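Q: target27.pdb (PDB, N, CA and C atoms and all ligand atoms) pasted underneath:
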```
ATOM      1  N   MET A   1       2.588  -7.612  -5.488
ATOM      2  CA  MET A   1       1.669  -6.600  -4.988
ATOM      3  C   MET A   1       0.763  -6.115  -6.109
ATOM      4  N   GLN A   2      -0.315  -5.439  -5.727
ATOM      5  CA  GLN A   2      -1.248  -4.938  -6.729
ATOM      6  C   GLN A   2      -1.195  -3.410  -6.750
ATOM      7  N   CYS A   3      -1.122  -2.866  -7.938
ATOM      8  CA  CYS A   3      -1.073  -1.412  -8.088
ATOM      9  C   CYS A   3      -2.401  -0.804  -7.653
ATOM     10  N   ARG A   4      -2.292   0.258  -6.846
ATOM     11  CA  ARG A   4      -3.508   0.916  -6.362
ATOM     12  C   ARG A   4      -4.167   1.739  -7.459
ATOM     13  N   MET A   5      -3.376   2.100  -8.442
ATOM     14  CA  MET A   5      -3.898   2.996  -9.476
ATOM     15  C   MET A   5      -4.636   2.229 -10.563
ATOM     16  N   CYS A   6      -3.976   1.195 -11.124
ATOM     17  CA  CYS A   6      -4.568   0.521 -12.291
ATOM     18  C   CYS A   6      -4.950  -0.921 -11.987
ATOM     19  N   GLY A   7      -4.555  -1.430 -10.798
ATOM     20  CA  GLY A   7      -4.939  -2.784 -10.431
ATOM     21  C   GLY A   7      -4.039  -3.851 -11.019
ATOM     22  N   HIS A   8      -2.970  -3.424 -11.700
ATOM     23  CA  HIS A   8      -2.025  -4.373 -12.302
ATOM     24  C   HIS A   8      -1.268  -5.109 -11.199
ATOM     25  N   THR A   9      -1.236  -6.438 -11.265
ATOM     26  CA  THR A   9      -0.540  -7.233 -10.264
ATOM     27  C   THR A   9       0.852  -7.577 -10.749
ATOM     28  N   PHE A  10       1.864  -7.325  -9.905
ATOM     29  CA  PHE A  10       3.242  -7.606 -10.296
ATOM     30  C   PHE A  10       4.061  -7.967  -9.069
ATOM     31  N   ASP A  11       5.227  -8.579  -9.322
ATOM     32  CA  ASP A  11       6.130  -8.954  -8.241
ATOM     33  C   ASP A  11       7.105  -7.810  -8.007
ATOM     34  N   GLU A  12       6.995  -7.159  -6.852
ATOM     35  CA  GLU A  12       7.800  -5.960  -6.605
ATOM     36  C   GLU A  12       9.289  -6.272  -6.532
ATOM     37  N   SER A  13       9.633  -7.562  -6.245
ATOM     38  CA  SER A  13      11.048  -7.926  -6.164
ATOM     39  C   SER A  13      11.651  -8.067  -7.559
ATOM     40  N   GLU A  14      10.808  -8.153  -8.563
ATOM     41  CA  GLU A  14      11.309  -8.301  -9.935
ATOM     42  C   GLU A  14      11.373  -6.965 -10.666
ATOM     43  N   VAL A  15      10.899  -5.915  -9.974
ATOM     44  CA  VAL A  15      10.937  -4.590 -10.599
ATOM     45  C   VAL A  15      12.280  -3.933 -10.281
ATOM     46  N   GLU A  16      13.073  -3.691 -11.312
ATOM     47  CA  GLU A  16      14.406  -3.128 -11.116
ATOM     48  C   GLU A  16      14.334  -1.717 -10.555
ATOM     49  N   ASP A  17      15.145  -1.432  -9.523
ATOM     50  CA  ASP A  17      15.189  -0.100  -8.902
ATOM     51  C   ASP A  17      13.795   0.392  -8.525
ATOM     52  N   HIS A  18      12.960  -0.557  -8.110
ATOM     53  CA  HIS A  18      11.576  -0.238  -7.731
ATOM     54  C   HIS A  18      10.797   0.340  -8.915
ATOM     55  N   GLY A  19      11.335   0.161 -10.101
ATOM     56  CA  GLY A  19      10.644   0.669 -11.288
ATOM     57  C   GLY A  19      10.750   2.172 -11.419
ATOM     58  N   CYS A  20      11.600   2.791 -10.584
ATOM     59  CA  CYS A  20      11.703   4.249 -10.603
ATOM     60  C   CYS A  20      12.590   4.699 -11.764
ATOM     61  N   GLN A  21      12.024   5.558 -12.572
ATOM     62  CA  GLN A  21      12.803   6.105 -13.688
ATOM     63  C   GLN A  21      13.042   7.587 -13.451
ATOM     64  N   GLY A  22      13.212   7.931 -12.166
ATOM     65  CA  GLY A  22      13.460   9.326 -11.830
ATOM     66  C   GLY A  22      12.176  10.091 -11.609
ATOM     67  N   CYS A  23      11.505   9.826 -10.488
ATOM     68  CA  CYS A  23      10.231  10.499 -10.229
ATOM     69  C   CYS A  23      10.447  11.828  -9.535
ATOM     70  N   GLY A  24      11.714  12.214  -9.306
ATOM     71  CA  GLY A  24      11.980  13.520  -8.719
ATOM     72  C   GLY A  24      12.311  13.454  -7.247
ATOM     73  N   LYS A  25      12.003  12.330  -6.597
ATOM     74  CA  LYS A  25      12.308  12.187  -5.182
ATOM     75  C   LYS A  25      13.769  11.775  -5.031
ATOM     76  N   GLY A  26      14.465  12.347  -4.071
ATOM     77  CA  GLY A  26      15.866  11.992  -3.849
ATOM     78  C   GLY A  26      15.993  10.527  -3.524
ATOM     79  N   GLU A  27      15.283  10.101  -2.500
ATOM     80  CA  GLU A  27      15.264   8.682  -2.143
ATOM     81  C   GLU A  27      13.852   8.175  -2.330
ATOM     82  N   CYS A  28      13.687   7.384  -3.358
ATOM     83  CA  CYS A  28      12.344   6.909  -3.680
ATOM     84  C   CYS A  28      12.054   5.623  -2.922
ATOM     85  N   ASN A  29      11.064   5.669  -2.070
ATOM     86  CA  ASN A  29      10.704   4.483  -1.289
ATOM     87  C   ASN A  29       9.472   3.796  -1.851
ATOM     88  N   THR A  30       9.048   4.247  -2.991
ATOM     89  CA  THR A  30       7.847   3.657  -3.564
ATOM     90  C   THR A  30       8.206   2.589  -4.586
ATOM     91  N   ILE A  31       7.289   1.664  -4.795
ATOM     92  CA  ILE A  31       7.438   0.662  -5.848
ATOM     93  C   ILE A  31       6.582   1.131  -7.014
ATOM     94  N   HIS A  32       7.255   1.488  -8.105
ATOM     95  CA  HIS A  32       6.509   2.016  -9.241
ATOM     96  C   HIS A  32       5.920   0.878 -10.057
ATOM     97  N   CYS A  33       4.669   1.007 -10.375
ATOM     98  CA  CYS A  33       3.980   0.004 -11.189
ATOM     99  C   CYS A  33       4.576  -0.022 -12.592
ATOM    100  N   PRO A  34       4.974  -1.201 -13.078
ATOM    101  CA  PRO A  34       5.547  -1.294 -14.423
ATOM    102  C   PRO A  34       4.517  -0.984 -15.505
ATOM    103  N   ASN A  35       3.274  -0.997 -15.144
ATOM    104  CA  ASN A  35       2.219  -0.758 -16.126
ATOM    105  C   ASN A  35       1.898   0.731 -16.274
ATOM    106  N   CYS A  36       1.683   1.423 -15.131
ATOM    107  CA  CYS A  36       1.260   2.827 -15.219
ATOM    108  C   CYS A  36       2.260   3.776 -14.575
ATOM    109  N   GLY A  37       3.247   3.232 -13.824
ATOM    110  CA  GLY A  37       4.270   4.082 -13.234
ATOM    111  C   GLY A  37       3.862   4.701 -11.912
ATOM    112  N   PHE A  38       2.703   4.341 -11.403
ATOM    113  CA  PHE A  38       2.258   4.882 -10.122
ATOM    114  C   PHE A  38       3.128   4.345  -8.993
ATOM    115  N   GLY A  39       3.508   5.203  -8.043
ATOM    116  CA  GLY A  39       4.353   4.805  -6.925
ATOM    117  C   GLY A  39       3.536   4.227  -5.792
ATOM    118  N   ASN A  40       3.633   2.917  -5.627
ATOM    119  CA  ASN A  40       2.917   2.253  -4.528
ATOM    120  C   ASN A  40       3.842   2.148  -3.326
ATOM    121  N   THR A  41       3.372   2.532  -2.155
ATOM    122  CA  THR A  41       4.195   2.458  -0.956
ATOM    123  C   THR A  41       3.746   1.292  -0.102
ATOM    124  N   SER A  42       4.729   0.508   0.378
ATOM    125  CA  SER A  42       4.396  -0.600   1.267
ATOM    126  C   SER A  42       4.051  -0.064   2.645
ATOM    127  N   LYS A  43       4.562   1.131   2.959
ATOM    128  CA  LYS A  43       4.270   1.738   4.252
ATOM    129  C   LYS A  43       2.782   2.013   4.369
ATOM    130  N   PHE A  44       2.213   2.487   3.285
ATOM    131  CA  PHE A  44       0.779   2.773   3.255
ATOM    132  C   PHE A  44      -0.005   1.499   3.545
ATOM    133  N   ASP A  45       0.501   0.376   3.036
ATOM    134  CA  ASP A  45      -0.133  -0.913   3.277
ATOM    135  C   ASP A  45      -0.238  -1.178   4.774
ATOM    136  N   ASP A  46       0.891  -0.966   5.486
ATOM    137  CA  ASP A  46       0.918  -1.226   6.920
ATOM    138  C   ASP A  46      -0.060  -0.315   7.648
ATOM    139  N   GLU A  47      -0.073   0.961   7.233
ATOM    140  CA  GLU A  47      -0.970   1.905   7.882
ATOM    141  C   GLU A  47      -2.419   1.510   7.645
ATOM    142  N   PHE A  48      -2.682   1.050   6.461
ATOM    143  CA  PHE A  48      -4.046   0.658   6.130
ATOM    144  C   PHE A  48      -4.474  -0.525   6.992
ATOM    145  N   LYS A  49      -3.553  -1.489   7.163
ATOM    146  CA  LYS A  49      -3.858  -2.656   7.998
ATOM    147  C   LYS A  49      -4.113  -2.216   9.430
ATOM    148  N   PHE A  50      -3.301  -1.241   9.891
ATOM    149  CA  PHE A  50      -3.439  -0.733  11.254
ATOM    150  C   PHE A  50      -4.812  -0.097  11.443
ATOM    151  N   ILE A  51      -5.198   0.733  10.494
ATOM    152  CA  ILE A  51      -6.491   1.405  10.570
ATOM    153  C   ILE A  51      -7.617   0.377  10.524
ATOM    154  N   LYS A  52      -7.433  -0.627   9.673
ATOM    155  CA  LYS A  52      -8.452  -1.660   9.535
ATOM    156  C   LYS A  52      -8.629  -2.418  10.851
ATOM    157  N   SER A  53      -7.483  -2.750  11.501
ATOM    158  CA  SER A  53      -7.557  -3.489  12.754
ATOM    159  C   SER A  53      -8.194  -2.625  13.832
ATOM    160  N   LEU A  54      -7.919  -1.319  13.795
ATOM    161  CA  LEU A  54      -8.534  -0.406  14.760
ATOM    162  C   LEU A  54     -10.043  -0.398  14.580
ATOM    163  N   LYS A  55     -10.462  -0.312  13.345
ATOM    164  CA  LYS A  55     -11.896  -0.264  13.057
ATOM    165  C   LYS A  55     -12.570  -1.548  13.531
ATOM    166  N   GLU A  56     -11.872  -2.678  13.323
ATOM    167  CA  GLU A  56     -12.431  -3.963  13.753
ATOM    168  C   GLU A  56     -12.574  -3.996  15.263
ATOM    169  N   LYS A  57     -11.566  -3.440  15.949
ATOM    170  CA  LYS A  57     -11.619  -3.396  17.416
ATOM    171  C   LYS A  57     -12.824  -2.594  17.874
ATOM    172  N   PHE A  58     -13.023  -1.443  17.234
ATOM    173  CA  PHE A  58     -14.121  -0.571  17.633
ATOM    174  C   PHE A  58     -15.464  -1.245  17.385
ATOM    175  N   SER A  59     -15.575  -1.915  16.232
ATOM    176  CA  SER A  59     -16.850  -2.529  15.903
ATOM    177  C   SER A  59     -17.130  -3.691  16.849
ATOM    178  N   LYS A  60     -16.053  -4.389  17.256
ATOM    179  CA  LYS A  60     -16.234  -5.485  18.210
ATOM    180  C   LYS A  60     -16.673  -4.945  19.558
ATOM    181  N   LYS A  61     -16.078  -3.803  19.943
ATOM    182  CA  LYS A  61     -16.413  -3.192  21.222
ATOM    183  C   LYS A  61     -17.900  -2.797  21.261
ATOM    184  N   SER A  62     -18.329  -2.138  20.176
ATOM    185  CA  SER A  62     -19.705  -1.656  20.150
ATOM    186  C   SER A  62     -20.680  -2.828  20.111
ATOM    187  N   ASN A  63     -20.222  -3.950  19.531
ATOM    188  CA  ASN A  63     -21.104  -5.109  19.445
ATOM    189  C   ASN A  63     -21.232  -5.823  20.788
ATOM    190  N   SER A  64     -20.099  -5.826  21.543
ATOM    191  CA  SER A  64     -20.097  -6.612  22.775
ATOM    192  C   SER A  64     -20.449  -5.773  23.989
ATOM    193  N   SER A  65     -20.714  -4.453  23.780
ATOM    194  CA  SER A  65     -21.044  -3.614  24.925
ATOM    195  C   SER A  65     -22.437  -3.972  25.441
ATOM    196  N   GLU A  66     -22.476  -4.355  26.706
ATOM    197  CA  GLU A  66     -23.771  -4.740  27.282
ATOM    198  C   GLU A  66     -24.175  -3.707  28.316
ATOM    199  N   LYS A  67     -25.289  -3.033  28.045
ATOM    200  CA  LYS A  67     -25.741  -2.019  28.999
ATOM    201  C   LYS A  67     -27.196  -2.284  29.382
TER     202      LYS A  67
HETATM  203 ZN    ZN B 101      10.424   6.873  -7.874
HETATM  204 ZN    ZN B 102      -0.388   0.627 -12.178
END
```
Could you render the structure as structure tokens?

A:
Amino acid sequence: MQCRMCGHTFDESEVEDHGCQGCGKGECNTIHCPNCGFGNTSKFDDEFKFIKSLKEKFSKKSNSSEK
């Protein structure tokens, strides 16, 4: 995956304990970038894809609307 903060590309499966060195969250669901320590969430990825697909649907609708 690619870090949203610094753009560093890394394999999240190779990051031990998600790279978390105690960010304060009880259960950390983020993958911390080994370069800058930013917590990247895979959930956000899914939401972003969902929003993107929605936008594509809307743009297709407006393009194909015949009045
Ligand atoms: Zn953490
Ligand atoms: Zn980073």

Q: Would you write out, as an mmCIF file with N, CA and C atoms, in the frame of the given file, every residue that the PyMOL selection byres (((not hetatm)) within 5 of (chain B and resi 102)) captures in this file?

A:
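File produced: part02.cif:
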```cif
data_model
loop_
_atom_site.group_PDB
_atom_site.id
_atom_site.type_symbol
_atom_site.label_atom_id
_atom_site.label_comp_id
_atom_site.auth_asym_id
_atom_site.auth_seq_id
_atom_site.Cartn_x
_atom_site.Cartn_y
_atom_site.Cartn_z
ATOM 1 N N CYS A 3 -1.122 -2.866 -7.938
ATOM 2 C CA CYS A 3 -1.073 -1.412 -8.088
ATOM 3 C C CYS A 3 -2.401 -0.804 -7.653
ATOM 4 N N MET A 5 -3.376 2.100 -8.442
ATOM 5 C CA MET A 5 -3.898 2.996 -9.476
ATOM 6 C C MET A 5 -4.636 2.229 -10.563
ATOM 7 N N CYS A 6 -3.976 1.195 -11.124
ATOM 8 C CA CYS A 6 -4.568 0.521 -12.291
ATOM 9 C C CYS A 6 -4.950 -0.921 -11.987
ATOM 10 N N GLY A 7 -4.555 -1.430 -10.798
ATOM 11 C CA GLY A 7 -4.939 -2.784 -10.431
ATOM 12 C C GLY A 7 -4.039 -3.851 -11.019
ATOM 13 N N HIS A 8 -2.970 -3.424 -11.700
ATOM 14 C CA HIS A 8 -2.025 -4.373 -12.302
ATOM 15 C C HIS A 8 -1.268 -5.109 -11.199
ATOM 16 N N CYS A 33 4.669 1.007 -10.375
ATOM 17 C CA CYS A 33 3.980 0.004 -11.189
ATOM 18 C C CYS A 33 4.576 -0.022 -12.592
ATOM 19 N N ASN A 35 3.274 -0.997 -15.144
ATOM 20 C CA ASN A 35 2.219 -0.758 -16.126
ATOM 21 C C ASN A 35 1.898 0.731 -16.274
ATOM 22 N N CYS A 36 1.683 1.423 -15.131
ATOM 23 C CA CYS A 36 1.260 2.827 -15.219
ATOM 24 C C CYS A 36 2.260 3.776 -14.575
ATOM 25 N N GLY A 37 3.247 3.232 -13.824
ATOM 26 C CA GLY A 37 4.270 4.082 -13.234
ATOM 27 C C GLY A 37 3.862 4.701 -11.912
ATOM 28 N N PHE A 38 2.703 4.341 -11.403
ATOM 29 C CA PHE A 38 2.258 4.882 -10.122
ATOM 30 C C PHE A 38 3.128 4.345 -8.993
#
```

Q: Can you pull out every residue with an atom within 5 Å of ligand ZN 101 (chain B)? Use all atoms listed in the file and format it as a list in words.

A: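 My answer, listing the contacting residues, is Cys20, Cys23 and Cys28 of chain A.
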
Q: Keeping only N, CA and C atoms, take the residues you just selected and write them out as a CSV table (one decimal), in the frame of the given file.

A:
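Okay, out.csv is ready:
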```csv
chain,number,residue,atom,x,y,z
A,20,CYS,N,11.6,2.8,-10.6
A,20,CYS,CA,11.7,4.2,-10.6
A,20,CYS,C,12.6,4.7,-11.8
A,23,CYS,N,11.5,9.8,-10.5
A,23,CYS,CA,10.2,10.5,-10.2
A,23,CYS,C,10.4,11.8,-9.5
A,28,CYS,N,13.7,7.4,-3.4
A,28,CYS,CA,12.3,6.9,-3.7
A,28,CYS,C,12.1,5.6,-2.9
```

Q: One number please: atom CA of Gly19 of chain A to atom N of Gln2 of chain A, in Å, one decimal.

A: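 Result for atom CA of Gly19 of chain A versus atom N of Gln2 of chain A: 13.7 Å, one decimal.
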
Q: How far is it from atom CA of Arg4 of chain A to atom CA of Asn40 of chain A, in Å with one decimal?

A: 6.8 Å

Q: From a DSSP calculation on the backbone, collect every residue of chain A in alpha helix (DSSP H) and output the set as a list in words.

A: Ser42, Lys43, Phe44, Asp45, Asp46, Glu47, Phe48, Lys49, Phe50, Ile51, Lys52, Ser53, Leu54, Lys55, Glu56, Lys57, Phe58, Ser59, Lys60, Lys61, Ser62, Asn63 and Ser64 of chain A

Q: By how many Å are atom C of Thr30 of chain A and atom C of His18 of chain A apart?

A: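 Separating atom C of Thr30 of chain A from atom C of His18 of chain A is a distance of 5.5 Å.
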
Q: Write down as a ChimeraX atom specification the residues of chain A whose backbone DSSP state falls under strand (DSSP E or B).

A: /A:2,9,31-32,39-40

Q: Enclose all atoms of segment 28-36 of chain A listed in the file in an axis-aligned box, grow every side by 3 Å, and hand back centre and edge lengths in Å to one decimal, as AutoDock Vina command-line options.

A:
```
--center_x 7.5 --center_y 3.0 --center_z -8.8 --size_x 18.4 --size_y 14.7 --size_z 21.0
```
